[in-house]
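Q: Okay, handing you the structure first.
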Amino acid sequence: PGDGPLDEASLRIIREKITAAWLEFRDLYPGASREVVEIQTWRERQRDVIRNIETQRILMIIMFGIISLVSVVLVFVIFYMIVVQKTWDIGVLKALGASSTGVAGIFLAYGAAIGLVGSIIGSVGGYFFVLYINSIQDWLDATFHFRVWSREQHMFSRIPNNVDWHTVALIMIGATLAGIVGAIVPAIRAARMQPVEALRYE
């Protein structure tokens with residue numbers, strides 16, 4: 001009890017022990033009720049409510065997936081325009097001996113840096129938002145009479161605000177990779193430029 005709530009696997013083990021104790025008691029005392037005793041964990045008892053929450057979570061994942069795809073396209077467009085505008089500079093670099101791999105690496109590193117910095121800023125902002133999400137909702141309710149989290153519907157008095165750092169790390173890695181993926185095509189275009197043609201660009 002002092003270590004926090006038990007996980008679902010531990011609750012199932014406890015349920016099996018209670019069921020076994022009940023069956024043993026029933027066998028020892030023939031006069032005991034022969035009714036089947038059903039023991040449920042809190043998750044099983046509230047499966048309908050949890051199913052709705054899981055559905056909402058899946059929808060949010062789909063929405064964030066679409067937003068992530070849009071961000072990759074946005075990075076691609078921005079980097080493509082940067083390559084076009086920097087054609088003369090790329091030509092100078094290649095004329096001075098820069099390799100195609102080196103030129104491509106510049107844009108890929110730039111994309112990775114944008115993804116990493118963006119993920120750090122987003123993670124810090126998201127952490128504090130989740131940390132104070134109940135206070136934010138109470139302020140919205142008191143100021144605008146707008147409440148997102150219904151205590152009656154979800155049967156929780158407070159919005160869960162635990163941060164899963166493994167998920168945060170995965171999101172940061174994904175954001176960095178998204179920046180790299182968005183920069184791949186412009187980087188290849190920059191790498192394939194011929195110095196003479198690039199220097200003629202105005």
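Residues are referred to by chain and number: the chain letter is A, B, ... according to the order shown in the structure tokens, the number counts from 1 in that chain, and ligands are numbered separately from 1 in the order shown.
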Extract the full set of alpha helix (DSSP H) residues from chain A according to DSSP on the backbone, and format it as a VMD selection string.
A: chain A and resid 8 to 28 42 to 45 47 to 85 87 to 95 100 to 131 133 to 144 151 to 154 165 to 191 195 to 200
Q: Would you list the contacts of segment 65-81 of chain A as JSON, numbers by chain, taking every protein, DNA or RNA residue within 8 Å and counting only C-alpha atoms, but skipping same-chain residues closer than 2 positions in sequence?
A: {"A": [61, 62, 63, 83, 84, 85, 107, 111, 178, 179, 181, 182, 183, 184, 185, 186]}
Q: Grab the residues selected above and save them as a CSV table (one decimal), in the first residue's frame with C-alpha atoms.
A:
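Here's the written file out-v7.csv:
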chain,number,residue,atom,x,y,z
A,61,ILE,CA,-3.1,9.2,-31.6
A,62,ILE,CA,-4.5,9.3,-35.2
A,63,MET,CA,-4.9,13.0,-35.0
A,83,VAL,CA,18.0,24.8,-51.2
A,84,VAL,CA,16.6,26.8,-54.1
A,85,GLN,CA,17.5,30.1,-52.5
A,107,PHE,CA,20.9,19.9,-44.6
A,111,GLY,CA,16.7,19.1,-40.2
A,178,ALA,CA,10.6,13.6,-38.8
A,179,GLY,CA,13.0,16.6,-39.3
A,181,VAL,CA,12.9,12.7,-43.2
A,182,GLY,CA,11.5,16.0,-44.3
A,183,ALA,CA,15.0,17.2,-45.3
A,184,ILE,CA,16.1,14.1,-47.2
A,185,VAL,CA,14.7,15.1,-50.6
A,186,PRO,CA,16.1,18.7,-50.5
Q: Name all residues at most 12 Å from Tyr127 of chain A (count only C-alpha atoms; drop same-chain ones fewer than 5 positions away) and give them as a PyMOL selection string.
A: chain A and resi 119-122+132-133+161-165+167-168
Q: Determine the nearest neighbour of Trp149 of chain A from the options A:Gln46, A:Asn134, A:Thr101, A:Thr176, counting only C-alpha atoms.
A: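 Counting only C-alpha atoms, the residue closest to Trp149 of chain A is A:Asn134.
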